[in-house]
Amino acid sequence: MTAKKNENQSSEEQVKIKTCFVIMPIADHPDYDVGHFTRVYEHLIKPACLAAGYQPIRADDSKASHMIMFDILKKIMDCDMAICDLSSKNANVFYELGLRQAFNKKTILITDGRDKPPFDLAGFRYVPYSQSLRVDTVNIEIKLIQEMLTETESA
């Protein structure tokens, strides 16, 4: 995606919008309230991405009628950054994270801390967030995720 700086500039002078693919559970999980992960995306991840200068993209954002896995694989490879929510130990999330890591692509990890991360991921830094999504904690957590995005980008 691109956005023009100025109407008089040529296409070569357009600014590339940085994208952040969000790897997270999309369907409801029996251990969480209905709509929990949509709220995590809308009230925590999305604002943090926007504050850090990224356009957030989630697998279910596309409404095109074709294989969703094709979209996911393309976004895993093409996005500038990724955020991976390890909460709920979702197998699809771990698969997508594994692909991202196999190609040494920049990714930050977040978790609600309900479960310990798997052994292979325990050594990585991650941003914890409160599963309550209370406004007083979310505002602090948005800033922490924004900072990790910025630091990871420049690392």
# chains A, B, ... in the order shown; residues from 1 in each chain; ligands from 1
$ residues_around --residues "Asp71 (chain A)" --least-positions-apart "6" --cutoff "10 Å" --atoms "only C-alpha atoms" --output "list of chain:residue names"
A:Arg58, A:Ala59, A:Asp60, A:Asp61, A:Ser62, A:Ala64
$ write_last_selection --atoms "all heavy atoms" --output "CSV table (one decimal), in the first residue's frame"
chain,number,residue,atom,x,y,z
A,58,ARG,N,-5.0,-8.2,9.9
A,58,ARG,CA,-5.3,-9.5,10.5
A,58,ARG,C,-5.8,-10.4,9.4
A,58,ARG,O,-6.4,-10.0,8.4
A,58,ARG,CB,-6.3,-9.3,11.6
A,58,ARG,CG,-6.4,-10.5,12.6
A,58,ARG,CD,-7.1,-10.1,13.8
A,58,ARG,NE,-8.6,-10.3,13.6
A,58,ARG,CZ,-9.4,-10.5,14.6
A,58,ARG,NH1,-9.0,-10.5,15.8
A,58,ARG,NH2,-10.7,-10.6,14.3
A,59,ALA,N,-5.6,-11.7,9.5
A,59,ALA,CA,-6.0,-12.7,8.5
A,59,ALA,C,-7.5,-12.5,8.0
A,59,ALA,O,-7.8,-12.7,6.8
A,59,ALA,CB,-5.8,-14.1,8.9
A,60,ASP,N,-8.4,-12.2,8.9
A,60,ASP,CA,-9.8,-12.1,8.5
A,60,ASP,C,-10.1,-10.7,8.0
A,60,ASP,O,-11.3,-10.4,7.7
A,60,ASP,CB,-10.7,-12.5,9.7
A,60,ASP,CG,-10.5,-11.6,10.9
A,60,ASP,OD1,-9.5,-10.9,11.0
A,60,ASP,OD2,-11.4,-11.7,11.8
A,61,ASP,N,-9.2,-9.8,7.8
A,61,ASP,CA,-9.5,-8.5,7.2
A,61,ASP,C,-9.8,-8.6,5.7
A,61,ASP,O,-10.6,-7.8,5.2
A,61,ASP,CB,-8.3,-7.5,7.4
A,61,ASP,CG,-8.1,-7.0,8.8
A,61,ASP,OD1,-9.1,-7.1,9.6
A,61,ASP,OD2,-7.0,-6.5,9.1
A,62,SER,N,-9.3,-9.6,5.0
A,62,SER,CA,-9.6,-9.7,3.6
A,62,SER,C,-11.0,-10.4,3.4
A,62,SER,O,-11.3,-11.3,4.1
A,62,SER,CB,-8.5,-10.6,3.0
A,62,SER,OG,-8.9,-10.8,1.6
A,64,ALA,N,-12.0,-11.2,0.2
A,64,ALA,CA,-11.9,-11.8,-1.1
A,64,ALA,C,-12.3,-13.3,-1.0
A,64,ALA,O,-12.1,-14.0,0.0
A,64,ALA,CB,-10.5,-11.7,-1.7
$ select_by_dssp --residues "region 6-154 of chain A" --states "strand (DSSP E)" --output "ChimeraX atom specification"
/A:15-16,18-23,54-58,81-85,107-111,126-128
$ residues_around --residues "Ala52 (chain A)" --least-positions-apart "5" --cutoff "8 Å" --atoms "only C-alpha atoms" --output "PyMOL selection string"
chain A and resi 146-147+149-150
$ write_last_selection --atoms "N, CA and C atoms" --output "short mmCIF file (atom, residue, chain, number, x, y, z; two decimals), in the first residue's frame"
data_model
loop_
_atom_site.label_atom_id
_atom_site.label_comp_id
_atom_site.auth_asym_id
_atom_site.auth_seq_id
_atom_site.Cartn_x
_atom_site.Cartn_y
_atom_site.Cartn_z
N GLN A 146 3.91 -0.50 21.41
CA GLN A 146 4.42 0.50 20.47
C GLN A 146 5.94 0.61 20.59
N GLU A 147 6.45 0.67 21.81
CA GLU A 147 7.89 0.77 22.04
C GLU A 147 8.62 -0.46 21.51
N LEU A 149 7.63 -2.45 19.09
CA LEU A 149 7.59 -2.38 17.63
C LEU A 149 8.69 -1.45 17.11
N THR A 150 8.81 -0.30 17.71
CA THR A 150 9.81 0.69 17.29
C THR A 150 11.22 0.17 17.50
#
$ closest_residue --among "A:Gly53, A:Glu151, A:Met24, A:Lys16" --to "Leu97 (chain A)" --atoms "only C-alpha atoms"
A:Met24
$ closest_residue --among "A:Ala51, A:Met67, A:Leu73, A:Leu44" --to "Leu133 (chain A)" --atoms "only C-alpha atoms"
A:Leu44
$ residues_around --residues "Val93 (chain A)" --least-positions-apart "4" --cutoff "8 Å" --atoms "only C-alpha atoms" --output "NGL selection string"
:A and (23-25 or 84-86 or 89 or 97)
$ atom_distance --atom1 "CA of Asp112 (chain A)" --atom2 "CA of Ser87 (chain A)"
5.7 Å
